[in-house]
file run_30.cif (mmCIF, C-alpha atoms and all ligand atoms)
data_start
#
loop_
_atom_site.label_atom_id
_atom_site.label_comp_id
_atom_site.auth_asym_id
_atom_site.auth_seq_id
_atom_site.Cartn_x
_atom_site.Cartn_y
_atom_site.Cartn_z
CA MET A 1 2.06 14.47 18.05
CA THR A 2 3.00 10.85 17.31
CA VAL A 3 3.50 10.42 13.57
CA PRO A 4 3.37 6.98 11.94
CA ARG A 5 6.53 5.79 10.23
CA HIS A 6 4.61 3.70 7.73
CA VAL A 7 1.09 4.28 6.36
CA ALA A 8 -0.70 1.65 4.22
CA ILE A 9 -3.84 2.56 2.28
CA ILE A 10 -6.63 0.66 0.53
CA MET A 11 -7.74 3.25 -2.00
CA ASP A 12 -11.36 2.19 -2.44
CA GLY A 13 -14.48 3.79 -3.87
CA ASN A 14 -13.42 4.93 -7.36
CA GLY A 15 -16.27 3.11 -9.11
CA ARG A 16 -18.96 4.45 -6.76
CA TRP A 17 -17.58 7.97 -7.02
CA ALA A 18 -17.96 7.79 -10.82
CA SER A 19 -21.39 6.08 -10.79
CA ARG A 20 -22.79 8.78 -8.50
CA ARG A 21 -21.83 11.33 -11.12
CA GLY A 22 -23.25 9.30 -14.00
CA LEU A 23 -19.72 8.62 -15.26
CA PRO A 24 -18.06 5.34 -16.30
CA ARG A 25 -16.01 3.58 -13.58
CA SER A 26 -12.85 4.46 -15.53
CA ALA A 27 -13.44 8.14 -14.71
CA GLY A 28 -13.28 7.24 -11.02
CA HIS A 29 -9.95 5.48 -11.47
CA LYS A 30 -8.57 8.52 -13.29
CA ALA A 31 -9.84 10.83 -10.56
CA GLY A 32 -8.09 8.58 -8.03
CA LEU A 33 -4.67 9.84 -9.13
CA LYS A 34 -5.04 13.22 -7.43
CA PRO A 35 -5.29 11.80 -3.89
CA VAL A 36 -2.26 9.59 -4.62
CA ARG A 37 -0.20 12.73 -5.28
CA LEU A 38 -1.70 14.34 -2.20
CA CYS A 39 -0.74 11.41 0.04
CA VAL A 40 2.83 11.46 -1.27
CA GLU A 41 3.03 15.18 -0.48
CA GLU A 42 1.48 14.76 2.95
CA CYS A 43 3.90 11.96 3.84
CA ARG A 44 6.89 14.05 2.80
CA ARG A 45 5.59 17.11 4.65
CA ARG A 46 4.93 15.17 7.84
CA GLY A 47 8.14 13.11 7.78
CA ILE A 48 6.43 9.74 7.16
CA SER A 49 9.08 7.44 5.65
CA TYR A 50 6.97 4.68 4.08
CA LEU A 51 3.72 4.77 2.13
CA THR A 52 2.19 1.58 0.74
CA LEU A 53 -0.77 1.82 -1.63
CA PHE A 54 -3.07 -0.99 -2.79
CA ALA A 55 -3.56 -0.33 -6.50
CA PHE A 56 -4.77 -3.70 -7.84
CA SER A 57 -5.49 -6.90 -5.94
CA SER A 58 -5.10 -10.51 -7.05
CA GLU A 59 -8.92 -10.64 -6.89
CA ASN A 60 -9.32 -7.59 -9.16
CA TRP A 61 -8.42 -9.81 -12.14
CA SER A 62 -12.03 -11.00 -11.92
CA ARG A 63 -13.31 -7.59 -13.08
CA PRO A 64 -14.49 -7.06 -16.68
CA VAL A 65 -11.57 -7.18 -19.14
CA THR A 66 -12.26 -3.62 -20.25
CA GLU A 67 -11.84 -2.31 -16.67
CA VAL A 68 -8.68 -4.36 -16.10
CA GLY A 69 -7.29 -3.15 -19.44
CA PHE A 70 -8.10 0.45 -18.58
CA LEU A 71 -6.39 0.16 -15.19
CA MET A 72 -3.24 -1.39 -16.66
CA SER A 73 -3.00 1.38 -19.29
CA LEU A 74 -3.55 3.98 -16.56
CA PHE A 75 -0.74 2.49 -14.45
CA ILE A 76 1.62 2.47 -17.46
CA GLU A 77 0.84 6.09 -18.45
CA THR A 78 1.01 7.34 -14.87
CA LEU A 79 4.33 5.68 -14.17
CA GLU A 80 5.80 7.08 -17.34
CA ARG A 81 4.57 10.58 -16.55
CA GLU A 82 5.27 10.76 -12.81
CA ILE A 83 8.49 8.84 -12.25
CA ASP A 84 10.88 11.76 -12.90
CA ASP A 85 8.88 14.02 -10.66
CA LEU A 86 8.80 11.43 -7.87
CA ALA A 87 12.58 11.00 -8.05
CA ARG A 88 12.97 14.80 -7.90
CA GLN A 89 10.84 14.81 -4.77
CA SER A 90 13.17 12.20 -3.24
CA VAL A 91 10.60 9.41 -3.53
CA GLU A 92 11.85 5.88 -4.18
CA VAL A 93 9.26 3.61 -5.84
CA ARG A 94 8.90 -0.14 -5.26
CA PHE A 95 6.29 -2.67 -6.36
CA ILE A 96 4.97 -5.75 -4.63
CA GLY A 97 2.74 -8.42 -6.16
CA ASP A 98 2.71 -11.33 -8.56
CA ARG A 99 4.71 -10.07 -11.53
CA SER A 100 4.14 -13.29 -13.46
CA ALA A 101 0.54 -12.12 -13.88
CA LEU A 102 1.55 -8.83 -15.56
CA GLY A 103 2.16 -8.05 -19.23
CA THR A 104 5.48 -6.93 -20.71
CA PRO A 105 4.65 -3.19 -21.13
CA ILE A 106 3.83 -2.73 -17.46
CA LEU A 107 6.73 -4.93 -16.32
CA GLN A 108 9.11 -2.73 -18.27
CA ARG A 109 7.76 0.41 -16.56
CA ILE A 110 7.98 -1.24 -13.15
CA GLU A 111 11.59 -2.28 -13.72
CA ALA A 112 12.53 1.17 -15.03
CA ALA A 113 10.88 2.83 -12.01
CA GLU A 114 12.64 0.56 -9.54
CA ALA A 115 15.99 1.04 -11.27
CA ARG A 116 15.85 4.80 -10.62
CA CYS A 117 18.50 5.65 -8.13
CA VAL A 118 17.15 7.99 -5.43
CA PRO A 119 20.01 8.47 -2.97
CA ALA A 120 18.90 8.94 0.65
CA ALA A 121 15.23 8.89 -0.37
CA GLN A 122 12.89 10.76 1.92
CA LEU A 123 9.95 8.46 1.20
CA ARG A 124 9.62 4.89 0.01
CA LEU A 125 6.41 4.51 -1.98
CA THR A 126 5.40 0.89 -2.41
CA ILE A 127 2.67 0.08 -4.90
CA ALA A 128 0.86 -3.22 -4.44
CA LEU A 129 -0.09 -4.40 -7.92
CA ALA A 130 -1.56 -7.83 -8.66
CA TYR A 131 -0.98 -8.30 -4.96
CA GLY A 132 -2.67 -10.65 -2.49
CA GLY A 133 -1.73 -11.17 1.15
CA ARG A 134 -2.21 -14.94 0.88
CA TRP A 135 -0.12 -15.07 -2.29
CA ASP A 136 2.61 -13.20 -0.40
CA ILE A 137 2.66 -15.63 2.54
CA ALA A 138 2.55 -18.68 0.24
CA ARG A 139 5.45 -17.27 -1.82
CA ALA A 140 7.49 -16.62 1.32
CA ALA A 141 6.82 -20.19 2.52
CA ARG A 142 7.96 -21.55 -0.84
CA THR A 143 11.28 -19.66 -0.65
CA LEU A 144 11.84 -21.12 2.82
CA ALA A 145 11.13 -24.62 1.50
CA LEU A 146 13.59 -24.10 -1.35
CA ASP A 147 16.28 -22.99 1.13
CA VAL A 148 15.64 -26.08 3.27
CA MET A 149 15.84 -28.35 0.23
CA ALA A 150 19.12 -26.72 -0.83
CA GLY A 151 20.54 -27.18 2.69
CA ARG A 152 20.84 -23.42 3.31
CA LEU A 153 18.34 -23.50 6.18
CA SER A 154 17.25 -26.09 8.72
CA ILE A 155 13.63 -26.80 9.65
CA ASP A 156 14.39 -25.46 13.15
CA GLU A 157 15.24 -22.09 11.64
CA ILE A 158 11.72 -21.62 10.27
CA ASN A 159 10.14 -19.07 12.55
CA GLU A 160 8.34 -15.70 12.49
CA SER A 161 11.59 -13.90 11.84
CA THR A 162 12.81 -15.98 8.86
CA LEU A 163 9.34 -16.11 7.30
CA GLY A 164 8.77 -12.39 8.03
CA GLN A 165 12.00 -11.46 6.23
CA ARG A 166 10.68 -13.13 3.09
CA ILE A 167 7.33 -11.34 3.07
CA SER A 168 7.24 -8.62 0.40
CA LEU A 169 7.56 -5.78 2.93
CA GLY A 170 10.04 -7.75 5.06
CA ASP A 171 12.79 -5.14 4.68
CA ILE A 172 10.79 -2.19 6.05
CA PRO A 173 8.90 -1.60 9.32
CA ASP A 174 5.32 -2.90 9.49
CA PRO A 175 2.59 -0.34 8.77
CA ASP A 176 1.74 1.67 11.88
CA LEU A 177 -1.47 2.96 10.36
CA PHE A 178 -3.83 1.31 7.88
CA ILE A 179 -6.37 3.52 6.11
CA ARG A 180 -9.30 2.32 4.00
CA THR A 181 -11.58 4.73 2.15
CA GLY A 182 -14.95 3.86 0.63
CA GLY A 183 -16.75 2.70 3.75
CA GLU A 184 -16.00 -1.04 3.69
CA GLN A 185 -14.45 -2.34 6.88
CA ARG A 186 -12.34 -5.20 5.63
CA ILE A 187 -8.74 -6.02 4.70
CA SER A 188 -9.58 -7.50 1.24
CA ASN A 189 -6.46 -9.70 1.21
CA PHE A 190 -4.05 -6.74 1.60
CA LEU A 191 -0.88 -7.07 3.75
CA LEU A 192 -2.10 -9.96 5.90
CA TRP A 193 1.23 -10.59 7.59
CA SER A 194 2.47 -7.03 8.04
CA LEU A 195 -0.82 -5.59 9.33
CA ALA A 196 -0.74 -7.81 12.43
CA TYR A 197 -0.47 -4.84 14.82
CA SER A 198 -1.35 -1.86 12.65
CA GLU A 199 -3.88 0.69 13.84
CA LEU A 200 -6.93 0.52 11.56
CA TRP A 201 -8.78 3.64 10.37
CA PHE A 202 -11.81 3.54 8.08
CA THR A 203 -13.63 6.38 6.38
CA GLU A 204 -16.84 6.63 4.34
CA ARG A 205 -15.11 9.08 2.01
CA LEU A 206 -14.56 7.70 -1.48
CA TRP A 207 -10.96 7.62 -2.69
CA PRO A 208 -11.23 10.32 -5.41
CA GLU A 209 -12.53 12.79 -2.79
CA PHE A 210 -9.93 11.95 -0.12
CA ASP A 211 -8.21 15.25 0.69
CA ALA A 212 -5.68 16.85 3.04
CA GLY A 213 -8.37 17.23 5.72
CA ASP A 214 -9.08 13.49 5.61
CA PHE A 215 -5.37 12.68 5.76
CA GLY A 216 -5.08 14.99 8.77
CA ALA A 217 -8.08 13.29 10.43
CA ALA A 218 -6.38 9.91 10.05
CA MET A 219 -3.17 11.32 11.56
CA ASP A 220 -5.08 12.80 14.50
CA ALA A 221 -6.86 9.49 15.10
CA TYR A 222 -3.51 7.69 15.03
CA ALA A 223 -1.94 10.15 17.48
CA GLY A 224 -4.78 9.43 19.91
CA ARG A 225 -4.36 5.65 19.84
CA GLU A 226 -2.62 3.74 22.58
CA ARG A 227 -0.53 0.96 21.10
CA ARG A 228 -0.01 -1.76 23.65
CA PHE A 229 1.12 -4.73 21.52
CA GLY A 230 -0.47 -7.06 24.02
CA GLY A 231 1.21 -5.40 26.99
CA VAL A 232 -0.24 -3.10 29.61
CA PRO A 233 -0.62 0.71 29.42
CA ALA A 234 2.61 2.66 30.00
CA PRO A 235 2.73 4.03 33.59
CA ARG A 236 1.73 7.68 33.87
CA GLU A 237 4.24 10.26 35.05
CA PRO A 238 3.59 10.84 38.77
CA ALA A 239 1.92 14.23 39.35
CA CYS A 240 4.12 16.52 41.43
C1 LIG B 301 -10.70 0.87 -5.92
O1 LIG B 301 -11.96 1.36 -6.30
C2 LIG B 301 -9.77 0.75 -7.11
C3 LIG B 301 -9.44 -0.62 -7.48
C4 LIG B 301 -9.83 -1.69 -6.86
C5 LIG B 301 -8.57 -0.79 -8.63
P1 LIG B 301 -13.09 0.39 -6.81
O2 LIG B 301 -12.94 0.23 -8.28
O3 LIG B 301 -13.10 -0.88 -6.03
O4 LIG B 301 -14.37 1.25 -6.49
P2 LIG B 301 -15.75 0.73 -5.87
O5 LIG B 301 -15.41 0.04 -4.58
O6 LIG B 301 -16.35 -0.19 -6.88
O7 LIG B 301 -16.53 1.98 -5.66
C1 LIG B 302 -9.46 -3.61 -2.60
O1 LIG B 302 -10.63 -3.04 -3.08
C2 LIG B 302 -8.39 -3.58 -3.65
C3 LIG B 302 -7.89 -2.27 -4.03
C4 LIG B 302 -8.26 -1.11 -3.57
C5 LIG B 302 -6.85 -2.28 -5.01
P1 LIG B 302 -11.79 -3.92 -3.72
O2 LIG B 302 -12.88 -2.99 -4.11
O3 LIG B 302 -11.26 -4.79 -4.79
O4 LIG B 302 -12.21 -4.84 -2.49
P2 LIG B 302 -13.61 -5.53 -2.12
O5 LIG B 302 -14.10 -6.23 -3.36
O6 LIG B 302 -14.54 -4.43 -1.69
O7 LIG B 302 -13.27 -6.44 -0.98
MG MG B 303 -14.00 -1.39 -4.27
#

call {"tool": "encode", "arguments": {"input": "run_30.cif", "output": "structure tokens", "more": "lines below"}}
Ligand code: IPE
Ligand code: IPE
Ligand code: MG
result
Amino acid sequence: MTVPRHVAIIMDGNGRWASRRGLPRSAGHKAGLKPVRLCVEECRRRGISYLTLFAFSSENWSRPVTEVGFLMSLFIETLEREIDDLARQSVEVRFIGDRSALGTPILQRIEAAEARCVPAAQLRLTIALAYGGRWDIARAARTLALDVMAGRLSIDEINESTLGQRISLGDIPDPDLFIRTGGEQRISNFLLWSLAYSELWFTERLWPEFDAGDFGAAMDAYAGRERRFGGVPAPREPAC
């Protein structure tokens, strides 16, 4: 079975999961931690090397301050609690997103998590926090412009490769499989550049209820896809 090297997930549906149970939205965010652990385990078990999770978008700042505050506290507590365990499981943690938008307490946790040395990590877990795909491309373009101004790069050297290297995930392979829970079929400003040729898989299941069976269903769907990248189908083996 073909296994993706890199899986990227929009973990959506926490609020609806909670509302359906008569609970505050915050309860849905809390319940969303279990499937995060599950996905880490599944990736390690199946030999998937990269997992990228959308935790908070640049647009999520528009939510009520109480919800944003709750989410930030949840990220801080979770990082503090889980980071040792992740390192023990050979998981290296990275963050992508606009750090200038984040407060000092969370920045400190992010820096501490990234400073953890995990030699020969089995899985790279990237958390997209205060992240927007358009922000990412604009930031990459700005770094190119700065290099041109400083004489380190010529205009002729601006191409898909030099821009792509400056995108937040530029040092790892593009996601092979994109998963979105919660029923919406949109990208919501996630990895606009890197998702160019990812296989897309959507499910009605809400994030807090996403389980090993759902993960397996996504893997099966991926294994059945034919990735052509604009080419033509691979020739079949001649029958003998
Ligand atoms: C995703 O769940 C979590 C974040 C965006 C932080 P939502 O909070 O968007 O849940 P729904 O979509 O309102 O159900
Ligand atoms: C996308 O979900 C962002 C995250 C899961 C972090 P949203 O719930 O914010 O997206 P929309 O509003 O449905 O597009
Ligand atoms: Mg949502």

call {"tool": "residues_around", "arguments": {"input": "run_30.cif", "residues": "Pro35 in chain A", "least_positions_apart": "3", "cutoff": "7 Å", "atoms": "all atoms listed in the file", "output": "PyMOL selection string"}}
result
chain A and resi 32+38-39+208+210-211

call {"tool": "closest_atom_pairs", "arguments": {"input": "run_30.cif", "of": "chain A", "to": "ligand MG 303 (chain B)", "cutoff": "12 Å", "atoms": "all atoms listed in the file", "output": "CSV"}}
result
residue,atom,partner,partner_atom,distance
A:Ile10,CA,B:MG303,MG,9.0
A:Met11,CA,B:MG303,MG,8.1
A:Asp12,CA,B:MG303,MG,4.8
A:Gly13,CA,B:MG303,MG,5.2
A:Asn14,CA,B:MG303,MG,7.1
A:Gly15,CA,B:MG303,MG,7.0
A:Arg16,CA,B:MG303,MG,8.1
A:Trp17,CA,B:MG303,MG,10.4
A:Ala18,CA,B:MG303,MG,12.0
A:Arg25,CA,B:MG303,MG,10.7
A:Gly28,CA,B:MG303,MG,11.0
A:His29,CA,B:MG303,MG,10.7
A:Phe54,CA,B:MG303,MG,11.0
A:Ala55,CA,B:MG303,MG,10.7
A:Phe56,CA,B:MG303,MG,10.2
A:Ser57,CA,B:MG303,MG,10.3
A:Glu59,CA,B:MG303,MG,10.9
A:Asn60,CA,B:MG303,MG,9.2
A:Arg63,CA,B:MG303,MG,10.8
A:Arg180,CA,B:MG303,MG,10.2
A:Thr181,CA,B:MG303,MG,9.2
A:Gly182,CA,B:MG303,MG,7.2
A:Gly183,CA,B:MG303,MG,9.4
A:Glu184,CA,B:MG303,MG,8.2
A:Gln185,CA,B:MG303,MG,11.2
A:Arg186,CA,B:MG303,MG,10.7
A:Ile187,CA,B:MG303,MG,11.4
A:Ser188,CA,B:MG303,MG,9.3
A:Leu206,CA,B:MG303,MG,9.5
A:Trp207,CA,B:MG303,MG,9.6

call {"tool": "residues_around", "arguments": {"input": "run_30.cif", "residues": "Val7 in chain A", "least_positions_apart": "2", "cutoff": "7 Å", "atoms": "all atoms listed in the file", "output": "PDB file with C-alpha atoms, in the coordinates of the input"}}
result
ATOM      1  CA  PRO A   4       3.370   6.980  11.940  1.00  0.00           C
ATOM      2  CA  ARG A   5       6.530   5.790  10.230  1.00  0.00           C
ATOM      3  CA  ILE A   9      -3.840   2.560   2.280  1.00  0.00           C
ATOM      4  CA  TYR A  50       6.970   4.680   4.080  1.00  0.00           C
ATOM      5  CA  LEU A  51       3.720   4.770   2.130  1.00  0.00           C
ATOM      6  CA  THR A  52       2.190   1.580   0.740  1.00  0.00           C
ATOM      7  CA  PRO A 175       2.590  -0.340   8.770  1.00  0.00           C
ATOM      8  CA  ASP A 176       1.740   1.670  11.880  1.00  0.00           C
ATOM      9  CA  LEU A 177      -1.470   2.960  10.360  1.00  0.00           C
ATOM     10  CA  PHE A 178      -3.830   1.310   7.880  1.00  0.00           C
TER      11      PHE A 178
END

call {"tool": "closest_residue", "arguments": {"input": "run_30.cif", "among": "A:Ile76, A:Val68, A:Cys117, A:Leu169", "to": "ligand LIG 302 (chain B)", "atoms": "all atoms listed in the file"}}
result
A:Val68

call {"tool": "residues_around", "arguments": {"input": "run_30.cif", "residues": "range 143-152 of chain A", "least_positions_apart": "2", "cutoff": "12 Å", "atoms": "only C-alpha atoms", "output": "MDAnalysis selection string"}}
result
chainID A and resid 136:141 154:168

call {"tool": "closest_residue", "arguments": {"input": "run_30.cif", "among": "A:Ser90, A:Leu129, A:Arg44, A:Thr66", "to": "ligand LIG 301 (chain B)", "atoms": "all atoms listed in the file"}}
result
A:Leu129

call {"tool": "residues_near_point", "arguments": {"input": "run_30.cif", "point": "(10.6, 7.2, -6.2)", "cutoff": "12 Å", "atoms": "only C-alpha atoms", "output": "ChimeraX atom specification"}}
result
/A:40,44,49-51,79,82-95,110,112-127

call {"tool": "closest_residue", "arguments": {"input": "run_30.cif", "among": "A:Gln108, A:Ala196, A:Ile179, A:Ser100", "to": "Asp214 in chain A", "atoms": "all atoms listed in the file"}}
result
A:Ile179

call {"tool": "axis_aligned_box", "arguments": {"input": "run_30.cif", "around": "ligand LIG 302 (chain B)", "padding_each_side": "8 Å", "output": "lines of an AutoDock Vina configuration file"}}
result
center_x = -10.7
center_y = -3.8
center_z = -3.0
size_x = 23.7
size_y = 21.3
size_z = 20.0

call {"tool": "build_atoms", "arguments": {"input": "run_30.cif", "residues": "range 51-71 of chain A", "atoms": "N, CA, C and O atoms", "output": "PDB file, keeping the file's coordinate frame"}}
result
ATOM      1  N   LEU A  51       5.132   4.725   2.530  1.00  0.00           N
ATOM      2  CA  LEU A  51       3.720   4.770   2.130  1.00  0.00           C
ATOM      3  C   LEU A  51       3.478   3.575   1.212  1.00  0.00           C
ATOM      4  O   LEU A  51       4.201   3.384   0.227  1.00  0.00           O
ATOM      5  N   THR A  52       2.497   2.753   1.560  1.00  0.00           N
ATOM      6  CA  THR A  52       2.190   1.580   0.740  1.00  0.00           C
ATOM      7  C   THR A  52       0.742   1.682   0.261  1.00  0.00           C
ATOM      8  O   THR A  52      -0.171   1.855   1.080  1.00  0.00           O
ATOM      9  N   LEU A  53       0.552   1.620  -1.052  1.00  0.00           N
ATOM     10  CA  LEU A  53      -0.770   1.820  -1.630  1.00  0.00           C
ATOM     11  C   LEU A  53      -1.243   0.556  -2.361  1.00  0.00           C
ATOM     12  O   LEU A  53      -0.481  -0.035  -3.142  1.00  0.00           O
ATOM     13  N   PHE A  54      -2.504   0.170  -2.107  1.00  0.00           N
ATOM     14  CA  PHE A  54      -3.070  -0.990  -2.790  1.00  0.00           C
ATOM     15  C   PHE A  54      -3.710  -0.491  -4.092  1.00  0.00           C
ATOM     16  O   PHE A  54      -4.737   0.201  -4.071  1.00  0.00           O
ATOM     17  N   ALA A  55      -3.088  -0.827  -5.206  1.00  0.00           N
ATOM     18  CA  ALA A  55      -3.560  -0.330  -6.500  1.00  0.00           C
ATOM     19  C   ALA A  55      -4.396  -1.356  -7.249  1.00  0.00           C
ATOM     20  O   ALA A  55      -5.324  -1.000  -7.984  1.00  0.00           O
ATOM     21  N   PHE A  56      -4.051  -2.651  -7.085  1.00  0.00           N
ATOM     22  CA  PHE A  56      -4.770  -3.700  -7.840  1.00  0.00           C
ATOM     23  C   PHE A  56      -4.534  -5.022  -7.118  1.00  0.00           C
ATOM     24  O   PHE A  56      -3.392  -5.435  -6.908  1.00  0.00           O
ATOM     25  N   SER A  57      -5.640  -5.665  -6.726  1.00  0.00           N
ATOM     26  CA  SER A  57      -5.490  -6.900  -5.940  1.00  0.00           C
ATOM     27  C   SER A  57      -5.506  -8.135  -6.838  1.00  0.00           C
ATOM     28  O   SER A  57      -5.953  -8.071  -7.994  1.00  0.00           O
ATOM     29  N   SER A  58      -5.068  -9.263  -6.273  1.00  0.00           N
ATOM     30  CA  SER A  58      -5.100 -10.510  -7.050  1.00  0.00           C
ATOM     31  C   SER A  58      -6.549 -10.865  -7.406  1.00  0.00           C
ATOM     32  O   SER A  58      -6.793 -11.541  -8.391  1.00  0.00           O
ATOM     33  N   GLU A  59      -7.498 -10.367  -6.619  1.00  0.00           N
ATOM     34  CA  GLU A  59      -8.920 -10.640  -6.890  1.00  0.00           C
ATOM     35  C   GLU A  59      -9.479  -9.686  -7.961  1.00  0.00           C
ATOM     36  O   GLU A  59     -10.501  -9.973  -8.583  1.00  0.00           O
ATOM     37  N   ASN A  60      -8.804  -8.551  -8.168  1.00  0.00           N
ATOM     38  CA  ASN A  60      -9.320  -7.590  -9.160  1.00  0.00           C
ATOM     39  C   ASN A  60      -9.213  -8.111 -10.597  1.00  0.00           C
ATOM     40  O   ASN A  60      -9.837  -7.545 -11.503  1.00  0.00           O
ATOM     41  N   TRP A  61      -8.464  -9.203 -10.801  1.00  0.00           N
ATOM     42  CA  TRP A  61      -8.420  -9.810 -12.140  1.00  0.00           C
ATOM     43  C   TRP A  61      -9.809 -10.293 -12.561  1.00  0.00           C
ATOM     44  O   TRP A  61     -10.071 -10.514 -13.733  1.00  0.00           O
ATOM     45  N   SER A  62     -10.696 -10.490 -11.587  1.00  0.00           N
ATOM     46  CA  SER A  62     -12.030 -11.000 -11.920  1.00  0.00           C
ATOM     47  C   SER A  62     -12.953  -9.894 -12.459  1.00  0.00           C
ATOM     48  O   SER A  62     -14.095 -10.166 -12.827  1.00  0.00           O
ATOM     49  N   ARG A  63     -12.476  -8.674 -12.545  1.00  0.00           N
ATOM     50  CA  ARG A  63     -13.310  -7.590 -13.080  1.00  0.00           C
ATOM     51  C   ARG A  63     -13.403  -7.701 -14.609  1.00  0.00           C
ATOM     52  O   ARG A  63     -12.602  -8.398 -15.232  1.00  0.00           O
ATOM     53  N   PRO A  64     -14.360  -6.987 -15.209  1.00  0.00           N
ATOM     54  CA  PRO A  64     -14.490  -7.060 -16.680  1.00  0.00           C
ATOM     55  C   PRO A  64     -13.157  -6.718 -17.362  1.00  0.00           C
ATOM     56  O   PRO A  64     -12.423  -5.837 -16.882  1.00  0.00           O
ATOM     57  N   VAL A  65     -12.866  -7.393 -18.460  1.00  0.00           N
ATOM     58  CA  VAL A  65     -11.570  -7.180 -19.140  1.00  0.00           C
ATOM     59  C   VAL A  65     -11.353  -5.718 -19.523  1.00  0.00           C
ATOM     60  O   VAL A  65     -10.221  -5.230 -19.490  1.00  0.00           O
ATOM     61  N   THR A  66     -12.434  -5.028 -19.849  1.00  0.00           N
ATOM     62  CA  THR A  66     -12.260  -3.620 -20.250  1.00  0.00           C
ATOM     63  C   THR A  66     -11.767  -2.787 -19.056  1.00  0.00           C
ATOM     64  O   THR A  66     -10.897  -1.927 -19.217  1.00  0.00           O
ATOM     65  N   GLU A  67     -12.288  -3.065 -17.853  1.00  0.00           N
ATOM     66  CA  GLU A  67     -11.840  -2.310 -16.670  1.00  0.00           C
ATOM     67  C   GLU A  67     -10.389  -2.655 -16.332  1.00  0.00           C
ATOM     68  O   GLU A  67      -9.584  -1.763 -16.039  1.00  0.00           O
ATOM     69  N   VAL A  68     -10.064  -3.953 -16.388  1.00  0.00           N
ATOM     70  CA  VAL A  68      -8.680  -4.360 -16.100  1.00  0.00           C
ATOM     71  C   VAL A  68      -7.736  -3.714 -17.116  1.00  0.00           C
ATOM     72  O   VAL A  68      -6.690  -3.152 -16.746  1.00  0.00           O
ATOM     73  N   GLY A  69      -8.123  -3.746 -18.380  1.00  0.00           N
ATOM     74  CA  GLY A  69      -7.290  -3.150 -19.440  1.00  0.00           C
ATOM     75  C   GLY A  69      -7.103  -1.671 -19.207  1.00  0.00           C
ATOM     76  O   GLY A  69      -5.992  -1.140 -19.343  1.00  0.00           O
ATOM     77  N   PHE A  70      -8.191  -0.993 -18.831  1.00  0.00           N
ATOM     78  CA  PHE A  70      -8.100   0.450 -18.580  1.00  0.00           C
ATOM     79  C   PHE A  70      -7.128   0.720 -17.438  1.00  0.00           C
ATOM     80  O   PHE A  70      -6.263   1.599 -17.518  1.00  0.00           O
ATOM     81  N   LEU A  71      -7.257  -0.055 -16.358  1.00  0.00           N
ATOM     82  CA  LEU A  71      -6.390   0.160 -15.190  1.00  0.00           C
ATOM     83  C   LEU A  71      -4.920  -0.052 -15.547  1.00  0.00           C
ATOM     84  O   LEU A  71      -4.056   0.746 -15.173  1.00  0.00           O
TER      85      LEU A  71
END
